[in-house]
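Beneath this line is the structure, given in structure tokens, with notes to follow.
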Amino acid sequence: MQRQGSIGGSAAIRIRVTGGVLLATHLALVAWLMLRPLDVPWVMPPNLRPLAGIRADLALGWPGAARPLGEGLGLLAPLGVLLPAAHGRLTVSPLASLLRTAAAGALISLGIALLQTGVPGRVVDVDSLLLNTAGVVLAHLAVVPAGRSWLRRRAVREPGAAAGPAVSIAEELSQGRTPTIPRVGIAP
């Protein structure tokens with residue numbers, strides 16, 4: 001029996017496995033980039049005021065602000081596509097998918113920020129958490145709805161190829177009586 005809204009057959013396995021492998025690879029790369037010690041002569045103090053670092057970057061002008069803002073947005077942006085791909089569902093509420101992906105991106109970014117407190121040369125920056133989460137949301141909005149609709153259209157054009165066996169709701173609900181185990185008497 002097929003899960004509601006999941007891609008059926010080998011296409012589902014390929015998408016989930018590919019999404020999972022790419023997700024693990026991306027997270028390993030992010031961990032290597034963000035959790036290795038920096039050999040710097042001095043370290044800025046932690047930024048715990050939201051949007052203070054972004055305002056400071058924007059005060060430098062657009063050419064000076066483009067690099068740090070782009071790095072913040074792009075670091076975890078692939079998670080916006082890889083997390084839904086690893087989940088592998090076609091028919092899911094777009095808002096629920098966006099909220100789940102944004103929450104996962106925010107938690108991963110928070111985990112990285114907390115792990116950075118023990119790494120020499122790295123400091124906590126609340127703006128990086130905001131930018132990373134915004135990057136995840138933007139990537140999700142740009143790719144996932146269009147990709148899911150393309151896959152749904154493809155499944156309709158090729159009946160049985162990606163949809164799996166057709167099971168009606170009546171067949172799902174009426175599966176017969178629940179089996180019972182007869183009682184065994186207790187010996188005297």
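Letters for chains follow the order of the structure tokens (A, B, ...), residue numbers begin at 1 for each chain, and ligand numbers begin at 1 in the order shown.
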Notebook entry, point to check: Skipping near chain neighbours, those fewer than 4 positions away, what residues fall within 6 Å of range 118-128 of chain A using only C-alpha atoms, listed as number ranges by chain?
Noted result: A: 37-38, 46-48, 50-51, 72, 113, 132
Checklist line | Contacts of range 140-153 of chain A within 12 Å, only C-alpha atoms, excl. fewer than 5 positions in-chain, as a VMD selection string | finding: chain A and resid 5 to 8 11 to 12 15 76 to 85 87 to 102 105 133 to 135 158 to 159 161 to 163
Next item on the list: Determine which residues of range 19-140 of chain A receive a DSSP assignment of alpha helix (DSSP H), computed from the backbone, and state them as a ChimeraX atom specification.
Entry: /A:19-34,52-59,62-74,79-87,94-116,126-140
Check: What gap, in Å, lies between CA of Ala65 in chain A and CA of Met44 in chain A?
Finding: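 Taking CA of Ala65 in chain A and CA of Met44 in chain A, their separation equals 17.5 Å.
Interatomic distance, CA of Pro41 in chain A to CA of Leu131 in chain A: 26.3 Å.
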Next item on the list: Select, from A:Arg55, A:Ala86, A:Leu60, A:Glu71, the residue with the minimum atom-to-atom distance to Ile13 in chain A, counting only C-alpha atoms.
Entry: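 Of A:Arg55, A:Ala86, A:Leu60, A:Glu71, the one nearest Ile13 in chain A, counting only C-alpha atoms, is A:Ala86.
DSSP secondary structure from the backbone places Ser6, Asn47, Arg89 and Asp125 of chain A of chain A in strand (DSSP E or B).
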Next item on the list: One decimal, Å: what's the distance from CA of Trp62 in chain A over to CA of Leu110 in chain A, could you say?
Entry: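 Pair CA of Trp62 in chain A / CA of Leu110 in chain A returns 27.0 Å.
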